[in-house]
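Q: What follows is a structure written as C-alpha cells; I'll ask about it next.
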Amino acid sequence: MSMGQVLGILAAVGLLSVAVFYVMLFIFAKLTGWNDMARRYRDVALEATPFRAGSAVLGAHAWSSPPLFIGVDDNGITLRPAFPFWPVFARMHVPWDAVVRIERKERMFFDVLELHCGREQESIVGILPSGAANAIAARWPVKVVPAS
C-alpha cells in the first residue's frame with residue numbers, strides 16, 4: 001500500500017469520525033430538548049455577558065450537556081456551548097421573567113440548582129455547582145427540595 005493510499009484512508013476515517021460525532025450530537029440535542037428550548041430562548045442580541053465556566057443539564061432526567069459557559073446578568077441567564085458544539089447547540093438566553101422557580105435538588109450524587117423555565121412548555125435546566133450557580137442563587141430565591 002502506498003503512502004498516498006494510507007493518507008487517503010486516514011483522511012476518510014477522520015472525516016467519518018467527525019460526521020458521526022456531529023450526528024450523535026444532533027440526536028442528543030433533540031433528545032434532551034436543547035433544540036426546542038433554544039428555539040424559544042434564542043440569544044439574538046449576542047450581547048457581552050460576564051461568563052463563568054459551568055455545567056448544565058436539560059430535562060428532568062438528562063445527565064449531561066456540552067461544556068457550557070454560563071452568563072448571569074440583570075436580563076437573565078445565557079448558556080453558551082464551547083466552540084466545537086456551536087453547529088448543533090445554539091446559544092440561548094433565558095430572561096428572568098421566563099424563570100418560574102429555582103430549586104436546589106440532589107441529582108445523580110450532585111447538588112444541582114434546577115431552573116424551571118416557561119409556563120406552557122416547562123423546561124428544566126440543572127446548573128451544577130459552580131460560580132454561575134452561586135450567581136444565579138444570589139439573584140433569585142431558591143427553594144431547597146429534600147432528597148427523596
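By convention in this document, the chains of the C-alpha cells carry letters A, B, ... by their order, each chain's residues are numbered from 1, and ligands are numbered from 1 in the order they are shown.
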DSSP on the backbone, alpha helix (DSSP H) only: what residues of chain A does that give? Format it as a CSV table (one decimal) with C-alpha atoms, in the first residue's frame.
A:
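The resulting file, states_28.csv, is shown below:
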```csv
chain,number,residue,atom,x,y,z
A,3,MET,CA,1.7,6.4,1.4
A,4,GLY,CA,-1.0,8.2,-0.6
A,5,GLN,CA,-3.5,5.4,-0.1
A,6,VAL,CA,-2.7,5.3,3.7
A,7,LEU,CA,-3.2,9.0,4.0
A,8,GLY,CA,-6.4,8.8,2.0
A,9,ILE,CA,-7.7,6.1,4.3
A,10,LEU,CA,-6.7,8.1,7.4
A,11,ALA,CA,-8.4,11.2,6.0
A,12,ALA,CA,-11.6,9.2,5.2
A,13,VAL,CA,-11.7,7.7,8.7
A,14,GLY,CA,-11.1,11.1,10.2
A,15,LEU,CA,-13.9,12.7,8.2
A,16,LEU,CA,-16.3,9.8,9.0
A,17,SER,CA,-15.4,10.2,12.7
A,18,VAL,CA,-16.3,13.9,12.7
A,19,ALA,CA,-19.5,13.2,10.8
A,20,VAL,CA,-20.6,10.5,13.3
A,21,PHE,CA,-19.7,12.8,16.2
A,22,TYR,CA,-21.9,15.6,14.9
A,23,VAL,CA,-24.8,13.2,14.0
A,24,MET,CA,-24.7,11.9,17.6
A,25,LEU,CA,-24.6,15.5,18.9
A,26,PHE,CA,-27.7,16.4,16.8
A,27,ILE,CA,-29.6,13.3,18.1
A,28,PHE,CA,-28.5,14.2,21.7
A,29,ALA,CA,-29.7,17.8,21.2
A,30,LYS,CA,-33.1,16.6,20.1
A,31,LEU,CA,-33.5,14.0,22.9
A,32,THR,CA,-32.5,16.4,25.7
A,34,TRP,CA,-32.0,21.6,23.8
A,35,ASN,CA,-33.3,22.4,20.3
A,36,ASP,CA,-36.8,23.1,21.5
A,37,MET,CA,-35.6,25.3,24.3
A,38,ALA,CA,-33.1,27.1,22.0
A,39,ARG,CA,-35.9,27.9,19.6
A,40,ARG,CA,-37.9,29.5,22.5
A,131,GLY,CA,-19.6,30.2,40.3
A,132,ALA,CA,-22.5,30.5,37.9
A,133,ALA,CA,-24.9,28.6,40.2
A,134,ASN,CA,-23.8,30.8,43.1
A,135,ALA,CA,-24.5,34.0,41.0
A,136,ILE,CA,-28.0,32.6,40.0
A,137,ALA,CA,-28.8,31.7,43.6
A,138,ALA,CA,-27.8,35.2,44.7
A,139,ARG,CA,-30.3,36.8,42.3
```
Q: Give me, as a list in words, all polymer residues having an atom no more than 12 Å from Asp97 (chain A), counting only C-alpha atoms and skipping those fewer than 6 positions away in the same chain.
A: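 Listing them by chain and then by number gives Tyr41, Asp74, Asn75, Gly76, Ile77, Leu115, His116, Cys117, Gly118, Arg119 and Trp140 of chain A.
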Q: Please save all heavy atoms of the selected residues as a short mmCIF file (atom, residue, chain, number, x, y, z; two decimals), in the first residue's frame.
A:
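selection_38.cif written:
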```
data_model
loop_
_atom_site.label_atom_id
_atom_site.label_comp_id
_atom_site.auth_asym_id
_atom_site.auth_seq_id
_atom_site.Cartn_x
_atom_site.Cartn_y
_atom_site.Cartn_z
N TYR A 41 -35.78 30.36 23.40
CA TYR A 41 -34.93 31.34 24.08
C TYR A 41 -33.68 31.68 23.28
O TYR A 41 -32.61 31.85 23.83
CB TYR A 41 -34.53 30.80 25.47
CG TYR A 41 -35.70 30.50 26.35
CD1 TYR A 41 -35.98 29.20 26.75
CD2 TYR A 41 -36.56 31.51 26.77
CE1 TYR A 41 -37.06 28.91 27.55
CE2 TYR A 41 -37.65 31.23 27.58
CZ TYR A 41 -37.89 29.93 27.97
OH TYR A 41 -38.96 29.65 28.77
N ASP A 74 -28.36 41.20 34.66
CA ASP A 74 -29.65 41.73 35.08
C ASP A 74 -30.80 41.29 34.17
O ASP A 74 -31.96 41.33 34.58
CB ASP A 74 -29.61 43.26 35.11
CG ASP A 74 -28.70 43.77 36.21
OD1 ASP A 74 -28.47 43.03 37.19
OD2 ASP A 74 -28.20 44.90 36.08
N ASN A 75 -30.49 40.87 32.94
CA ASN A 75 -31.53 40.47 32.00
C ASN A 75 -31.89 38.99 32.07
O ASN A 75 -32.96 38.59 31.63
CB ASN A 75 -31.11 40.81 30.56
CG ASN A 75 -30.91 42.28 30.39
OD1 ASN A 75 -31.67 43.08 30.90
ND2 ASN A 75 -29.86 42.65 29.69
N GLY A 76 -30.98 38.16 32.55
CA GLY A 76 -31.26 36.73 32.63
C GLY A 76 -30.00 35.89 32.62
O GLY A 76 -28.93 36.33 33.02
N ILE A 77 -30.17 34.68 32.10
CA ILE A 77 -29.10 33.68 32.10
C ILE A 77 -28.80 33.32 30.65
O ILE A 77 -29.71 32.99 29.89
CB ILE A 77 -29.55 32.42 32.86
CG1 ILE A 77 -29.94 32.81 34.29
CG2 ILE A 77 -28.45 31.37 32.86
CD1 ILE A 77 -30.85 31.79 34.93
N LEU A 115 -33.44 25.21 37.37
CA LEU A 115 -34.22 26.35 36.91
C LEU A 115 -35.40 25.81 36.12
O LEU A 115 -35.21 25.10 35.13
CB LEU A 115 -33.40 27.25 35.99
CG LEU A 115 -32.38 28.18 36.61
CD1 LEU A 115 -31.27 27.42 37.25
CD2 LEU A 115 -31.87 29.13 35.58
N HIS A 116 -36.60 26.13 36.53
CA HIS A 116 -37.80 25.73 35.80
C HIS A 116 -38.22 26.94 34.98
O HIS A 116 -38.57 27.98 35.53
CB HIS A 116 -38.90 25.30 36.77
CG HIS A 116 -38.53 24.08 37.54
ND1 HIS A 116 -39.03 22.84 37.24
CD2 HIS A 116 -37.68 23.89 38.59
CE1 HIS A 116 -38.52 21.94 38.08
NE2 HIS A 116 -37.70 22.55 38.90
N CYS A 117 -38.15 26.79 33.66
CA CYS A 117 -38.36 27.91 32.75
C CYS A 117 -39.59 27.68 31.89
O CYS A 117 -39.82 26.57 31.41
CB CYS A 117 -37.16 28.08 31.82
SG CYS A 117 -35.59 28.12 32.67
N GLY A 118 -40.35 28.72 31.64
CA GLY A 118 -41.50 28.64 30.75
C GLY A 118 -42.75 28.23 31.50
O GLY A 118 -42.70 27.51 32.48
N ARG A 119 -43.87 28.72 31.03
CA ARG A 119 -45.12 28.44 31.70
C ARG A 119 -45.91 27.33 30.99
O ARG A 119 -46.39 26.43 31.62
CB ARG A 119 -45.96 29.71 31.81
CG ARG A 119 -45.16 30.82 32.45
CD ARG A 119 -45.98 31.70 33.34
NE ARG A 119 -45.19 32.81 33.87
CZ ARG A 119 -44.46 32.75 34.97
NH1 ARG A 119 -44.39 31.66 35.65
NH2 ARG A 119 -43.79 33.80 35.37
N TRP A 140 -31.98 35.11 42.83
CA TRP A 140 -33.31 34.53 42.79
C TRP A 140 -33.53 33.70 44.05
O TRP A 140 -32.62 32.98 44.47
CB TRP A 140 -33.42 33.63 41.55
CG TRP A 140 -34.80 33.18 41.25
CD1 TRP A 140 -35.41 32.06 41.75
CD2 TRP A 140 -35.76 33.79 40.40
NE1 TRP A 140 -36.68 31.95 41.27
CE2 TRP A 140 -36.93 33.01 40.43
CE3 TRP A 140 -35.77 34.94 39.62
CZ2 TRP A 140 -38.07 33.31 39.72
CZ3 TRP A 140 -36.90 35.25 38.91
CH2 TRP A 140 -38.04 34.45 38.95
#
```
Q: Excluding region 80-82 of chain A and its own-chain neighbours fewer than 4 positions away, which residues fall within 10 Å of it when counting only C-alpha atoms? Please give them as a short mmCIF file (atom, residue, chain, number, x, y, z; two decimals) with all heavy atoms, in the first residue's frame.
A:
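Below you can see out20.cif, which holds the result:
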```cif
data_model
loop_
_atom_site.label_atom_id
_atom_site.label_comp_id
_atom_site.auth_asym_id
_atom_site.auth_seq_id
_atom_site.Cartn_x
_atom_site.Cartn_y
_atom_site.Cartn_z
N ASP A 43 -30.73 33.43 21.65
CA ASP A 43 -29.99 34.63 22.04
C ASP A 43 -29.69 35.43 20.78
O ASP A 43 -28.66 35.23 20.14
CB ASP A 43 -28.70 34.24 22.77
CG ASP A 43 -27.95 35.45 23.30
OD1 ASP A 43 -28.56 36.53 23.39
OD2 ASP A 43 -26.76 35.31 23.63
N PHE A 51 -19.31 35.82 31.53
CA PHE A 51 -19.46 34.37 31.53
C PHE A 51 -18.59 33.73 32.60
O PHE A 51 -17.50 34.19 32.89
CB PHE A 51 -19.10 33.78 30.17
CG PHE A 51 -20.16 33.98 29.15
CD1 PHE A 51 -20.04 34.98 28.21
CD2 PHE A 51 -21.29 33.18 29.14
CE1 PHE A 51 -21.03 35.18 27.27
CE2 PHE A 51 -22.28 33.37 28.21
CZ PHE A 51 -22.14 34.38 27.27
N ALA A 53 -17.44 29.64 33.69
CA ALA A 53 -17.49 28.25 33.27
C ALA A 53 -18.46 27.51 34.18
O ALA A 53 -18.58 27.81 35.36
CB ALA A 53 -16.11 27.62 33.32
N SER A 55 -21.41 23.84 34.21
CA SER A 55 -22.05 22.73 33.51
C SER A 55 -23.53 22.80 33.79
O SER A 55 -23.95 23.24 34.85
CB SER A 55 -21.51 21.40 34.00
OG SER A 55 -20.19 21.21 33.58
N SER A 65 -24.48 17.50 29.20
CA SER A 65 -24.65 18.50 28.16
C SER A 65 -23.27 18.86 27.66
O SER A 65 -22.27 18.45 28.25
CB SER A 65 -25.36 19.74 28.73
OG SER A 65 -24.47 20.49 29.52
N PRO A 66 -23.21 19.66 26.60
CA PRO A 66 -21.87 20.07 26.17
C PRO A 66 -21.27 20.99 27.24
O PRO A 66 -22.00 21.57 28.04
CB PRO A 66 -22.14 20.84 24.88
CG PRO A 66 -23.55 21.30 24.99
CD PRO A 66 -24.26 20.24 25.78
N PRO A 67 -19.95 21.14 27.25
CA PRO A 67 -19.35 22.09 28.18
C PRO A 67 -19.93 23.48 27.90
O PRO A 67 -20.03 23.89 26.75
CB PRO A 67 -17.86 22.05 27.84
CG PRO A 67 -17.68 20.78 27.08
CD PRO A 67 -18.98 20.46 26.42
N LEU A 68 -20.33 24.16 28.96
CA LEU A 68 -21.01 25.44 28.79
C LEU A 68 -20.29 26.57 29.51
O LEU A 68 -19.63 26.35 30.51
CB LEU A 68 -22.42 25.36 29.39
CG LEU A 68 -23.43 24.46 28.72
CD1 LEU A 68 -24.68 24.37 29.58
CD2 LEU A 68 -23.77 24.99 27.36
N PHE A 69 -20.50 27.75 28.97
CA PHE A 69 -20.17 28.97 29.67
C PHE A 69 -21.52 29.57 30.03
O PHE A 69 -22.40 29.68 29.18
CB PHE A 69 -19.35 29.91 28.80
CG PHE A 69 -18.01 29.34 28.46
CD1 PHE A 69 -17.79 28.73 27.24
CD2 PHE A 69 -16.97 29.41 29.38
CE1 PHE A 69 -16.56 28.19 26.94
CE2 PHE A 69 -15.73 28.87 29.08
CZ PHE A 69 -15.52 28.26 27.85
N ILE A 70 -21.68 29.94 31.29
CA ILE A 70 -22.97 30.42 31.77
C ILE A 70 -22.82 31.87 32.16
O ILE A 70 -21.97 32.21 32.99
CB ILE A 70 -23.45 29.58 32.97
CG1 ILE A 70 -23.53 28.11 32.55
CG2 ILE A 70 -24.78 30.08 33.49
CD1 ILE A 70 -23.72 27.15 33.71
N GLY A 71 -23.62 32.72 31.53
CA GLY A 71 -23.60 34.14 31.84
C GLY A 71 -24.80 34.52 32.67
O GLY A 71 -25.91 34.07 32.41
N TRP A 86 -20.93 24.50 18.78
CA TRP A 86 -21.74 25.57 18.21
C TRP A 86 -22.62 25.15 17.04
O TRP A 86 -23.75 25.60 16.95
CB TRP A 86 -20.87 26.74 17.76
CG TRP A 86 -20.28 27.55 18.87
CD1 TRP A 86 -20.49 27.39 20.21
CD2 TRP A 86 -19.37 28.62 18.74
NE1 TRP A 86 -19.77 28.29 20.92
CE2 TRP A 86 -19.06 29.07 20.04
CE3 TRP A 86 -18.78 29.24 17.67
CZ2 TRP A 86 -18.19 30.13 20.27
CZ3 TRP A 86 -17.91 30.28 17.90
CH2 TRP A 86 -17.63 30.72 19.19
N PRO A 87 -22.14 24.32 16.10
CA PRO A 87 -23.01 23.98 14.97
C PRO A 87 -24.32 23.28 15.36
O PRO A 87 -25.30 23.36 14.65
CB PRO A 87 -22.15 23.05 14.11
CG PRO A 87 -20.75 23.35 14.50
CD PRO A 87 -20.81 23.74 15.95
N VAL A 88 -24.33 22.61 16.49
CA VAL A 88 -25.51 21.83 16.89
C VAL A 88 -26.26 22.48 18.05
O VAL A 88 -27.48 22.55 18.05
CB VAL A 88 -25.10 20.38 17.26
CG1 VAL A 88 -26.29 19.59 17.74
CG2 VAL A 88 -24.44 19.70 16.07
N PHE A 89 -25.53 22.98 19.04
CA PHE A 89 -26.15 23.55 20.23
C PHE A 89 -26.13 25.07 20.13
O PHE A 89 -25.08 25.69 20.28
CB PHE A 89 -25.40 23.10 21.49
CG PHE A 89 -25.55 21.64 21.78
CD1 PHE A 89 -24.65 20.73 21.26
CD2 PHE A 89 -26.59 21.17 22.56
CE1 PHE A 89 -24.78 19.37 21.51
CE2 PHE A 89 -26.73 19.82 22.82
CZ PHE A 89 -25.83 18.92 22.30
N ALA A 90 -27.30 25.65 19.89
CA ALA A 90 -27.39 27.10 19.74
C ALA A 90 -27.24 27.78 21.10
O ALA A 90 -27.64 27.25 22.13
CB ALA A 90 -28.73 27.48 19.13
N ARG A 91 -26.66 28.96 21.06
CA ARG A 91 -26.55 29.78 22.27
C ARG A 91 -27.94 30.27 22.63
O ARG A 91 -28.74 30.61 21.76
CB ARG A 91 -25.63 30.95 21.93
CG ARG A 91 -25.43 31.92 23.02
CD ARG A 91 -24.43 32.95 22.54
NE ARG A 91 -24.50 34.12 23.38
CZ ARG A 91 -23.51 34.98 23.53
NH1 ARG A 91 -22.40 34.81 22.86
NH2 ARG A 91 -23.64 36.00 24.31
N MET A 92 -28.26 30.28 23.93
CA MET A 92 -29.58 30.77 24.32
C MET A 92 -29.51 31.70 25.52
O MET A 92 -28.57 31.65 26.31
CB MET A 92 -30.54 29.61 24.57
CG MET A 92 -30.21 28.69 25.69
SD MET A 92 -31.48 27.42 25.87
CE MET A 92 -30.61 26.00 25.29
N HIS A 93 -30.53 32.54 25.61
CA HIS A 93 -30.66 33.49 26.71
C HIS A 93 -32.05 33.33 27.32
O HIS A 93 -33.04 33.54 26.65
CB HIS A 93 -30.47 34.92 26.22
CG HIS A 93 -30.58 35.93 27.32
ND1 HIS A 93 -29.54 36.18 28.18
CD2 HIS A 93 -31.60 36.71 27.72
CE1 HIS A 93 -29.92 37.09 29.05
NE2 HIS A 93 -31.17 37.42 28.79
#
```
Q: List as a PyMOL selection string the protein and nucleic acid residues near Ala56 (chain A), meaning an atom at most 7 Å away when only C-alpha atoms are counted, but skip any in the same chain fewer than 3 places from it.
A: chain A and resi 65+125-128
Q: Can you work out which one of A:Ala45, A:Trp96, A:Glu103, A:Phe85 has the shortest atom-to-atom distance to Asp73 (chain A), counting only C-alpha atoms?
A: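 Between A:Ala45, A:Trp96, A:Glu103, A:Phe85, the residue approaching Asp73 (chain A) most closely is A:Trp96.
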Q: As a ChimeraX atom specification, which residues of chain A does DSSP assign to strand (DSSP E)?
A: /A:51-54,56-58,68-72,76-81,92-95,99-107,110-117,123-127,143-144
Q: Which is closer to Thr78 (chain A) than all the others in A:Val100, A:Met1, A:Val44, A:Leu113, using only C-alpha atoms?
A: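 That would be A:Val44, the residue with the smallest distance to Thr78 (chain A).
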Q: Can you tell me how far CA of Arg107 (chain A) sits from CA of Pro95 (chain A), in Å to one decimal?
A: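 Going from CA of Arg107 (chain A) over to CA of Pro95 (chain A), I get 24.5 Å.
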Q: Please report the interatomic distance between CA of Phe83 (chain A) and CA of Arg104 (chain A) in Å with one decimal.
A: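 So the answer is 29.0 Å.
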